[in-house]
Amino acid sequence: MKFDLTYTELNRLQQFEYEIYEGDYDYIPSYLRVVEDAFCETEQVKFIFSSLQEDWNVFLFYDFLVFVMQLQDVFELCKGNTQEEYLLDFYAQGTERKLLLTKTDVETLKVENASGDKWISPVSSEYLNIAALQKDILQFVHKIKMMVEIVYPQLNTLEMLQKWYHSFEE
């Protein structure tokens with residue numbers, strides 16, 4: 001399983017505006033949506049994801065948000081000491097894929113296609129080193145923060161985003 005954000009060149013947005021609605025002040029997806037909107041407005045950022053030996057046709061708009069909203073849960077699964085599982089659900093229309101992540105031991109995570117007939121993957125499962133996945137997640141979150149700092153640094157001062165970044169510290 002691989003995931004990344006790529007871009008050719010990032011510049012600070014001059015006319016970017018956002019609003020967090022009153023009922024959403026403590027709802028992290030609202031803040032992550034603003035990050036997604038800022039990245040989309042640059043027209044330079046691309047979200048990529050691959051798993052089970054296939055590069056997925058994902059988009060920055062919506063697929064990125066769906067993924068990052070679940071990233072803390074995947075990170076917590078990696079940190080847990082017991083055999084646990086998590087269903088990573090790319091429910092966006094057009095993507096509609098599910099991956100079952102199961103801890104097989106303290107070092108290994110099994111990734112399986114849990115989409116049923118909606119998606120037939122090239123392979124039914126793959127195994128990931130948990131420490132490597134944790135490192136990838138931490139690098140991805142750091143990259144998001146760094147990119148926000150370039151595109152619209154005021155977002156990084158928002159308390160909810162700061163809490164989200166810090167939730168990935170070990």
# chains A, B, ... in the order shown; residues from 1 in each chain; ligands from 1
>>> select_by_dssp(residues="region 21-138 of chain A", states="strand (DSSP E or B)", output="ChimeraX atom specification")
/A:45-51,54-55,85-90,97-103,108-113,125-129
>>> residues_around(residues="Val123 (chain A)", least_positions_apart="6", cutoff="12 Å", atoms="only C-alpha atoms", output="list in words")
Ser51, Leu52, Gln53, Glu54, Val111, Glu112, Asn113 and Ala114 of chain A
>>> write_last_selection(atoms="N, CA, C and O atoms", output="short mmCIF file (atom, residue, chain, number, x, y, z; two decimals), in the first residue's frame")
data_model
loop_
_atom_site.label_atom_id
_atom_site.label_comp_id
_atom_site.auth_asym_id
_atom_site.auth_seq_id
_atom_site.Cartn_x
_atom_site.Cartn_y
_atom_site.Cartn_z
N SER A 51 -2.52 -0.16 -4.07
CA SER A 51 -2.58 -1.30 -3.15
C SER A 51 -2.93 -2.54 -3.95
O SER A 51 -3.55 -2.47 -5.01
N LEU A 52 -2.54 -3.68 -3.41
CA LEU A 52 -2.81 -4.98 -4.04
C LEU A 52 -2.35 -5.00 -5.50
O LEU A 52 -3.05 -5.44 -6.39
N GLN A 53 -1.15 -4.47 -5.70
CA GLN A 53 -0.46 -4.46 -7.00
C GLN A 53 -1.22 -3.68 -8.07
O GLN A 53 -1.15 -4.01 -9.26
N GLU A 54 -1.92 -2.62 -7.67
CA GLU A 54 -2.64 -1.81 -8.64
C GLU A 54 -2.57 -0.34 -8.25
O GLU A 54 -2.78 0.01 -7.09
N VAL A 111 -3.16 -6.88 4.17
CA VAL A 111 -4.11 -6.03 3.45
C VAL A 111 -4.86 -6.93 2.48
O VAL A 111 -4.25 -7.62 1.66
N GLU A 112 -6.20 -6.93 2.60
CA GLU A 112 -7.03 -7.78 1.74
C GLU A 112 -8.10 -6.95 1.03
O GLU A 112 -8.61 -5.99 1.59
N ASN A 113 -8.45 -7.39 -0.14
CA ASN A 113 -9.57 -6.79 -0.87
C ASN A 113 -10.86 -7.19 -0.16
O ASN A 113 -11.18 -8.36 -0.07
N ALA A 114 -11.60 -6.19 0.32
CA ALA A 114 -12.87 -6.44 1.00
C ALA A 114 -14.02 -5.79 0.23
O ALA A 114 -15.06 -5.48 0.80
#
>>> closest_residue(among="A:Val45, A:Gln162, A:Gln139, A:Asp63", to="Arg33 (chain A)", atoms="only C-alpha atoms")
A:Asp63
>>> atom_distance(atom1="CA of Leu88 (chain A)", atom2="CA of Met69 (chain A)")
10.2 Å
>>> residues_around(residues="region 126-134 of chain A", least_positions_apart="3", cutoff="6 Å", atoms="only C-alpha atoms", output="short mmCIF file (atom, residue, chain, number, x, y, z; two decimals) with C-alpha atoms, in the first residue's frame")
data_model
loop_
_atom_site.label_atom_id
_atom_site.label_comp_id
_atom_site.auth_asym_id
_atom_site.auth_seq_id
_atom_site.Cartn_x
_atom_site.Cartn_y
_atom_site.Cartn_z
CA CYS A 78 -0.36 -0.03 13.72
CA GLU A 107 5.43 -6.61 12.81
CA THR A 108 2.99 -7.43 10.00
CA LEU A 109 -0.24 -6.09 8.59
CA LYS A 110 -2.25 -8.08 6.07
CA VAL A 111 -4.11 -6.03 3.45
CA ILE A 137 2.06 7.73 7.52
#
>>> residues_around(residues="Lys118 (chain A)", least_positions_apart="2", cutoff="8 Å", atoms="only C-alpha atoms", output="list in words")
Glu96, Arg97, Ser115, Gly116 and Ile120 of chain A
>>> select_by_dssp(residues="region 15-165 of chain A", states="helix (DSSP H, G or I)", output="ChimeraX atom specification")
/A:22-24,28-42,60-79,116-118,130-151,153-157,159-165
>>> residues_around(residues="Tyr21 (chain A)", least_positions_apart="5", cutoff="12 Å", atoms="only C-alpha atoms", output="PyMOL selection string")
chain A and resi 26-31+34
>>> atom_distance(atom1="CA of Asp136 (chain A)", atom2="CA of Arg12 (chain A)")
25.8 Å
>>> atom_distance(atom1="CA of Ser167 (chain A)", atom2="CA of Phe39 (chain A)")
21.6 Å
>>> closest_atom_pairs(of="region 33-77 of chain A", to="region 151-160 of chain A", cutoff="8 Å", atoms="only C-alpha atoms", output="CSV")
residue,atom,partner,partner_atom,distance
A:Val35,CA,A:Leu155,CA,7.6
A:Ala38,CA,A:Val151,CA,7.1
A:Phe39,CA,A:Val151,CA,7.5
A:Thr42,CA,A:Val151,CA,7.7
>>> write_last_selection(atoms="N, CA and C atoms", output="PDB file, in the first residue's frame")
ATOM      1  N   VAL A  35      -8.136  21.969   3.792  1.00  0.00           N
ATOM      2  CA  VAL A  35      -6.807  21.635   3.264  1.00  0.00           C
ATOM      3  C   VAL A  35      -6.956  21.086   1.844  1.00  0.00           C
ATOM      4  N   ALA A  38      -7.730  23.872  -0.543  1.00  0.00           N
ATOM      5  CA  ALA A  38      -6.540  24.681  -0.841  1.00  0.00           C
ATOM      6  C   ALA A  38      -5.647  23.967  -1.842  1.00  0.00           C
ATOM      7  N   PHE A  39      -5.423  22.671  -1.629  1.00  0.00           N
ATOM      8  CA  PHE A  39      -4.598  21.902  -2.563  1.00  0.00           C
ATOM      9  C   PHE A  39      -5.238  21.875  -3.954  1.00  0.00           C
ATOM     10  N   THR A  42      -4.733  25.063  -6.026  1.00  0.00           N
ATOM     11  CA  THR A  42      -3.414  25.260  -6.633  1.00  0.00           C
ATOM     12  C   THR A  42      -3.355  24.681  -8.042  1.00  0.00           C
TER      13      THR A  42
END
>>> closest_residue(among="A:Glu43, A:Glu169, A:Asp89, A:Asp73", to="Thr6 (chain A)", atoms="only C-alpha atoms")
A:Glu43
>>> residues_around(residues="Phe61 (chain A)", least_positions_apart="3", cutoff="8 Å", atoms="only C-alpha atoms", output="ChimeraX atom specification")
/A:36-37,40,64-65
>>> closest_residue(among="A:Met147, A:His166, A:Phe67, A:Phe90", to="Thr8 (chain A)", atoms="only C-alpha atoms")
A:Met147
>>> decode(residues="region 67-124 of chain A", atoms="C-alpha atoms", output="tab-separated table (two decimals), in the first residue's frame")
chain	number	residue	atom	x	y	z
A	67	PHE	CA	-8.31	8.70	3.04
A	68	VAL	CA	-6.96	11.28	5.50
A	69	MET	CA	-10.13	11.09	7.62
A	70	GLN	CA	-9.27	7.42	8.23
A	71	LEU	CA	-5.51	7.83	8.54
A	72	GLN	CA	-5.54	8.24	12.34
A	73	ASP	CA	-7.43	4.94	12.67
A	74	VAL	CA	-4.87	3.15	10.48
A	75	PHE	CA	-2.06	4.69	12.53
A	76	GLU	CA	-3.71	3.56	15.78
A	77	LEU	CA	-4.11	0.04	14.36
A	78	CYS	CA	-0.36	-0.03	13.72
A	79	LYS	CA	0.41	1.13	17.26
A	80	GLY	CA	-1.91	-1.37	18.97
A	81	ASN	CA	-0.44	-4.42	20.66
A	82	THR	CA	-3.23	-6.88	19.94
A	83	GLN	CA	-4.50	-8.50	16.78
A	84	GLU	CA	-6.97	-6.00	15.42
A	85	GLU	CA	-8.42	-5.01	12.08
A	86	TYR	CA	-9.67	-1.92	10.32
A	87	LEU	CA	-11.77	-1.53	7.18
A	88	LEU	CA	-10.27	1.24	5.06
A	89	ASP	CA	-13.22	2.35	2.96
A	90	PHE	CA	-12.76	4.42	-0.18
A	91	TYR	CA	-16.48	5.06	-0.49
A	92	ALA	CA	-16.26	7.86	-3.06
A	93	GLN	CA	-18.43	7.27	-6.09
A	94	GLY	CA	-16.21	5.90	-8.82
A	95	THR	CA	-13.63	4.50	-6.41
A	96	GLU	CA	-15.83	2.37	-4.16
A	97	ARG	CA	-13.14	0.05	-2.82
A	98	LYS	CA	-12.52	-1.43	0.60
A	99	LEU	CA	-9.36	-2.78	2.13
A	100	LEU	CA	-9.38	-4.92	5.24
A	101	LEU	CA	-6.24	-4.27	7.29
A	102	THR	CA	-5.52	-7.00	9.82
A	103	LYS	CA	-2.62	-7.18	12.24
A	104	THR	CA	-1.21	-10.68	11.93
A	105	ASP	CA	1.54	-10.08	14.52
A	106	VAL	CA	3.46	-7.14	16.02
A	107	GLU	CA	5.43	-6.61	12.81
A	108	THR	CA	2.99	-7.43	10.00
A	109	LEU	CA	-0.24	-6.09	8.59
A	110	LYS	CA	-2.25	-8.08	6.07
A	111	VAL	CA	-4.11	-6.03	3.45
A	112	GLU	CA	-7.03	-7.78	1.74
A	113	ASN	CA	-9.57	-6.79	-0.87
A	114	ALA	CA	-12.87	-6.44	1.00
A	115	SER	CA	-14.82	-4.90	-1.89
A	116	GLY	CA	-16.70	-8.01	-2.87
A	117	ASP	CA	-17.66	-8.02	-6.55
A	118	LYS	CA	-17.29	-4.22	-6.91
A	119	TRP	CA	-13.55	-4.52	-7.49
A	120	ILE	CA	-11.49	-7.55	-8.43
A	121	SER	CA	-7.88	-6.81	-7.48
A	122	PRO	CA	-4.85	-8.31	-9.22
A	123	VAL	CA	-3.98	-10.11	-5.96
A	124	SER	CA	-6.27	-10.89	-3.04
